[in-house]
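So this one's input11.csv, CSV, C-alpha atoms:
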```
chain,number,residue,atom,x,y,z
A,19,MET,CA,0.0,0.0,0.0
A,20,THR,CA,1.4,3.4,-1.0
A,21,LEU,CA,1.6,6.4,1.3
A,22,LYS,CA,-0.9,8.2,-0.8
A,23,ASN,CA,-3.5,5.5,-0.5
A,24,HIS,CA,-2.9,5.2,3.3
A,25,THR,CA,-3.3,8.9,3.7
A,26,SER,CA,-6.5,9.0,1.8
A,27,GLN,CA,-7.9,6.1,3.8
A,28,LEU,CA,-7.1,7.9,7.1
A,29,PHE,CA,-8.7,11.0,5.8
A,30,PHE,CA,-11.9,9.1,4.8
A,31,LEU,CA,-11.9,7.4,8.2
A,32,PHE,CA,-11.6,10.8,9.9
A,33,LEU,CA,-14.5,12.2,7.8
A,34,SER,CA,-16.7,9.2,8.6
A,35,ALA,CA,-16.0,9.4,12.3
A,36,THR,CA,-16.7,13.2,12.3
A,37,ALA,CA,-20.0,12.7,10.4
A,38,GLY,CA,-21.0,9.9,12.8
A,39,PHE,CA,-20.2,12.1,15.8
A,40,LEU,CA,-22.3,15.0,14.4
A,41,ILE,CA,-25.2,12.7,13.7
A,42,ALA,CA,-25.1,11.2,17.2
A,43,LEU,CA,-24.9,14.7,18.7
A,44,ILE,CA,-28.0,15.9,16.7
A,45,LEU,CA,-30.0,12.8,17.6
A,46,TYR,CA,-29.0,13.3,21.3
A,47,PHE,CA,-30.4,16.8,21.3
A,48,LEU,CA,-33.5,15.9,19.3
A,49,LEU,CA,-34.3,13.1,21.7
A,50,GLN,CA,-33.5,15.1,24.8
A,51,ASN,CA,-37.1,16.6,25.1
A,52,ASN,CA,-38.1,15.6,28.6
A,53,THR,CA,-41.7,16.7,28.4
A,54,ASN,CA,-42.5,14.7,25.3
A,55,GLU,CA,-44.9,17.4,24.2
A,56,PRO,CA,-44.5,19.4,21.0
A,57,LEU,CA,-43.7,23.1,21.2
A,58,THR,CA,-47.1,24.8,20.8
A,59,HIS,CA,-48.5,28.3,21.5
A,60,SER,CA,-50.0,27.0,24.7
A,61,ASN,CA,-46.7,26.3,26.4
A,62,VAL,CA,-44.8,29.4,25.3
A,63,VAL,CA,-45.1,32.6,27.4
A,64,THR,CA,-45.9,35.5,25.1
A,65,PRO,CA,-44.7,39.1,25.6
A,66,GLN,CA,-48.2,40.1,26.9
A,67,GLU,CA,-47.9,37.7,29.8
A,68,GLU,CA,-46.1,38.4,33.0
A,69,PHE,CA,-42.4,37.7,33.1
A,70,ILE,CA,-41.5,34.4,34.8
A,71,SER,CA,-38.1,34.5,36.5
A,72,PRO,CA,-36.1,31.3,35.9
A,73,ALA,CA,-34.8,31.5,39.5
A,74,SER,CA,-38.3,31.7,41.0
A,75,ASN,CA,-40.3,28.8,42.4
A,76,ASN,CA,-43.2,29.6,40.2
A,77,ASN,CA,-45.4,26.6,39.4
A,78,GLN,CA,-45.9,28.0,35.9
A,79,ALA,CA,-42.1,27.8,35.2
A,80,ALA,CA,-41.9,24.3,36.7
A,81,SER,CA,-44.9,23.0,34.7
A,82,GLY,CA,-43.0,22.8,31.4
A,83,ARG,CA,-43.8,26.3,30.1
A,84,ILE,CA,-40.9,28.0,28.4
A,85,THR,CA,-39.6,31.1,30.2
A,86,SER,CA,-39.4,34.2,28.0
A,87,PHE,CA,-37.4,37.2,28.6
A,88,ALA,CA,-39.4,39.1,25.9
A,89,PRO,CA,-41.4,41.3,28.4
A,90,ALA,CA,-38.2,42.4,30.1
A,91,VAL,CA,-36.5,43.1,26.8
A,92,ASN,CA,-39.5,45.1,25.6
A,93,ARG,CA,-39.5,47.2,28.7
A,94,ALA,CA,-35.7,47.9,28.7
A,95,THR,CA,-35.1,48.4,25.0
A,96,PRO,CA,-36.3,52.1,24.9
A,97,ALA,CA,-33.8,53.0,27.6
A,98,VAL,CA,-30.8,51.5,25.8
A,99,VAL,CA,-28.7,54.0,23.8
A,100,ASN,CA,-25.7,53.9,21.5
A,101,ILE,CA,-22.7,55.9,22.5
A,102,PHE,CA,-20.2,57.3,20.0
A,103,THR,CA,-16.9,58.7,21.2
A,104,ARG,CA,-14.1,60.4,19.3
A,105,LYS,CA,-10.6,61.1,20.5
A,106,ARG,CA,-7.3,62.1,19.0
A,107,VAL,CA,-4.5,59.6,19.4
A,108,LYS,CA,-0.8,60.5,18.9
A,109,GLN,CA,0.8,58.3,16.2
A,110,PRO,CA,4.6,57.9,16.1
A,111,ASN,CA,6.3,59.0,13.0
A,112,THR,CA,8.1,55.9,11.7
A,113,LEU,CA,10.2,57.9,9.2
A,114,TYR,CA,12.1,59.4,12.1
A,115,ASN,CA,12.8,55.9,13.6
A,116,ASN,CA,15.2,55.2,10.6
A,117,GLY,CA,18.6,56.7,11.5
A,118,THR,CA,19.7,57.2,7.9
A,119,LEU,CA,16.5,59.0,6.9
A,120,ARG,CA,16.6,61.1,10.1
A,121,ALA,CA,20.1,62.3,9.3
A,122,LEU,CA,19.0,63.3,5.8
A,123,ILE,CA,16.0,65.3,7.0
A,124,GLU,CA,16.5,68.8,8.5
A,125,LYS,CA,17.5,68.8,12.1
A,126,ARG,CA,14.1,69.7,13.5
A,127,PRO,CA,11.8,67.8,15.8
A,128,PRO,CA,9.6,65.3,14.1
A,129,PRO,CA,6.1,66.6,13.4
A,130,SER,CA,3.4,65.2,15.7
A,131,GLN,CA,0.9,63.0,13.9
A,132,TYR,CA,-2.5,62.4,15.3
A,133,LYS,CA,-5.3,60.2,14.1
A,134,GLU,CA,-8.9,60.3,15.1
A,135,GLU,CA,-10.1,57.2,16.9
A,136,ASN,CA,-13.9,56.5,16.9
A,137,ASN,CA,-15.5,54.1,19.4
A,138,LEU,CA,-19.0,52.7,19.7
A,139,GLY,CA,-20.6,51.3,22.8
A,140,SER,CA,-23.9,51.3,24.6
A,141,GLY,CA,-25.4,52.7,27.8
A,142,VAL,CA,-28.7,52.8,29.7
A,143,ILE,CA,-30.8,55.8,30.6
A,144,VAL,CA,-31.2,55.5,34.4
A,145,SER,CA,-33.0,58.8,35.1
A,146,SER,CA,-35.5,61.1,33.4
A,147,GLN,CA,-33.0,63.9,34.0
A,148,GLY,CA,-30.7,62.5,31.4
A,149,HIS,CA,-28.3,60.3,33.4
A,150,ILE,CA,-26.8,57.5,31.4
A,151,LEU,CA,-24.8,54.6,32.8
A,152,THR,CA,-22.0,53.2,30.6
A,153,ASN,CA,-18.5,51.7,30.7
A,154,ASN,CA,-15.6,54.0,31.7
A,155,HIS,CA,-13.2,52.4,29.1
A,156,LEU,CA,-15.6,53.6,26.4
A,157,ILE,CA,-15.4,57.2,27.3
A,158,SER,CA,-11.9,57.5,28.8
A,159,ALA,CA,-9.9,60.2,27.0
A,160,ALA,CA,-12.8,61.0,24.7
A,161,GLU,CA,-12.9,64.5,23.4
A,162,ASP,CA,-16.4,64.2,22.0
A,163,ILE,CA,-19.3,62.0,23.3
A,164,GLU,CA,-22.5,61.6,21.4
A,165,VAL,CA,-25.6,59.6,22.3
A,166,LEU,CA,-28.1,58.1,19.9
A,167,LEU,CA,-31.5,57.5,21.4
A,168,LYS,CA,-34.0,54.8,20.2
A,169,ASP,CA,-36.2,57.6,18.7
A,170,GLY,CA,-33.3,58.7,16.5
A,171,ARG,CA,-32.2,61.8,18.3
A,172,TYR,CA,-28.4,62.5,18.6
A,173,LEU,CA,-27.4,64.3,21.8
A,174,LYS,CA,-24.1,65.6,23.1
A,175,ALA,CA,-23.2,64.1,26.5
A,176,SER,CA,-20.9,65.2,29.3
A,177,ILE,CA,-19.2,63.1,31.9
A,178,VAL,CA,-20.7,63.4,35.4
A,179,GLY,CA,-18.5,60.8,37.1
A,180,ARG,CA,-16.4,57.7,36.8
A,181,ASP,CA,-15.4,54.7,38.8
A,182,LEU,CA,-12.2,53.1,37.5
A,183,GLU,CA,-12.5,50.0,39.8
A,184,THR,CA,-15.9,48.9,38.4
A,185,ASP,CA,-15.3,50.4,34.9
A,186,LEU,CA,-18.5,52.4,35.2
A,187,ALA,CA,-19.2,56.0,34.1
A,188,LEU,CA,-22.2,58.3,34.4
A,189,LEU,CA,-23.0,60.7,31.5
A,190,LYS,CA,-25.6,63.5,31.3
A,191,VAL,CA,-27.6,64.6,28.3
A,192,SER,CA,-30.1,67.5,28.1
A,193,ALA,CA,-33.3,66.2,26.7
A,194,ARG,CA,-37.0,65.7,27.5
A,195,LYS,CA,-39.2,62.7,27.3
A,196,LEU,CA,-36.5,60.1,28.0
A,197,SER,CA,-37.4,56.5,28.5
A,198,THR,CA,-35.7,55.1,31.6
A,199,ILE,CA,-35.2,51.6,32.9
```

Structure re-expressed in structure tokens:
Amino acid sequence: MTLKNHTSQLFFLFLSATAGFLIALILYFLLQNNTNEPLTHSNVVTPQEEFISPASNNNQAASGRITSFAPAVNRATPAVVNIFTRKRVKQPNTLYNNGTLRALIEKRPPPSQYKEENNLGSGVIVSSQGHILTNNHLISAAEDIEVLLKDGRYLKASIVGRDLETDLALLKVSARKLSTI
């Protein structure tokens, strides 16, 4: 038997074993249904129903109904905002790192080069007065902070406070009719 035939047989064996493993895994999850009842509208909690906490000892959750986080998501979504930050970051001039080129260029300090760095993150409106909770690393060293509300408004934000240990920051925007969490 040649090395090429041996290699192709090993490859075929590997593919067969992988396919068998995947089929077994799929069958395991398909047969895992403990309730033996099909997924129907009657055993799914809809967004209109009250939220059932998975940690609670609620009989409804233990009776095989599927817990849905949809009501909590629907309630919280209007208070979630996008946060855009801009800052200038100093870039080293690599031309001046080359000794030969540096000697050829006039004997003056290298020009400072800056690039604009944009970041995107999220936050949550925690008060109707415009306070927004976000991550400190998102806004650290930011020169410009802009918030996009769910209704499409863009607002300038200012930093009220920061906690480096917990990586939290509090921003403030001036706006009316803000949805809070």

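Reported to one decimal place, the separation of atom CA of Leu156 of chain A from atom CA of Arg180 of chain A is 11.2 Å.
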
Inset, instruction - Just the residues within 8 Å of Lys105 of chain A, please, counting all atoms listed in the file, with nothing from its chain fewer than 6 positions along; format it as a list in words. - result: Glu134, Glu135, Asn136, Ala159, Ala160, Glu161 and Asp162 of chain A

Legend entry - Distance criterion (all atoms listed in the file): nearest to Ile157 of chain A out of A:Asn92, A:Thr85, A:Gly141, A:Ala97: A:Gly141

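Atom CA of Ile143 of chain A is positioned 7.3 Å from atom CA of Val99 of chain A.
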
I'd like the contact shell of Leu173 of chain A - 12 Å cut-off, all atoms listed in the file, skipping same-chain residues fewer than 2 positions apart - returned as a PDB file with C-alpha atoms, in the coordinates of the input.
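As a result, out_22.pdb now contains:
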```pdb
ATOM      1  CA  VAL A  99     -28.700  54.000  23.800  1.00  0.00           C
ATOM      2  CA  ASN A 100     -25.700  53.900  21.500  1.00  0.00           C
ATOM      3  CA  ILE A 101     -22.700  55.900  22.500  1.00  0.00           C
ATOM      4  CA  PHE A 102     -20.200  57.300  20.000  1.00  0.00           C
ATOM      5  CA  THR A 103     -16.900  58.700  21.200  1.00  0.00           C
ATOM      6  CA  GLY A 148     -30.700  62.500  31.400  1.00  0.00           C
ATOM      7  CA  ILE A 150     -26.800  57.500  31.400  1.00  0.00           C
ATOM      8  CA  ASP A 162     -16.400  64.200  22.000  1.00  0.00           C
ATOM      9  CA  ILE A 163     -19.300  62.000  23.300  1.00  0.00           C
ATOM     10  CA  GLU A 164     -22.500  61.600  21.400  1.00  0.00           C
ATOM     11  CA  VAL A 165     -25.600  59.600  22.300  1.00  0.00           C
ATOM     12  CA  LEU A 166     -28.100  58.100  19.900  1.00  0.00           C
ATOM     13  CA  LEU A 167     -31.500  57.500  21.400  1.00  0.00           C
ATOM     14  CA  LYS A 168     -34.000  54.800  20.200  1.00  0.00           C
ATOM     15  CA  ASP A 169     -36.200  57.600  18.700  1.00  0.00           C
ATOM     16  CA  GLY A 170     -33.300  58.700  16.500  1.00  0.00           C
ATOM     17  CA  ARG A 171     -32.200  61.800  18.300  1.00  0.00           C
ATOM     18  CA  ALA A 175     -23.200  64.100  26.500  1.00  0.00           C
ATOM     19  CA  SER A 176     -20.900  65.200  29.300  1.00  0.00           C
ATOM     20  CA  LEU A 189     -23.000  60.700  31.500  1.00  0.00           C
ATOM     21  CA  LYS A 190     -25.600  63.500  31.300  1.00  0.00           C
ATOM     22  CA  VAL A 191     -27.600  64.600  28.300  1.00  0.00           C
ATOM     23  CA  SER A 192     -30.100  67.500  28.100  1.00  0.00           C
ATOM     24  CA  ALA A 193     -33.300  66.200  26.700  1.00  0.00           C
ATOM     25  CA  ARG A 194     -37.000  65.700  27.500  1.00  0.00           C
ATOM     26  CA  LEU A 196     -36.500  60.100  28.000  1.00  0.00           C
TER      27      LEU A 196
END
```

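Between atom CA of Val178 of chain A and atom CA of Thr152 of chain A the interatomic distance comes to 11.3 Å.
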
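Compared by their closest atoms to Gln131 of chain A, and using all atoms listed in the file, the residues A:Gln109, A:Ser197, A:Ser86, A:Thr95 rank with A:Gln109 nearest.
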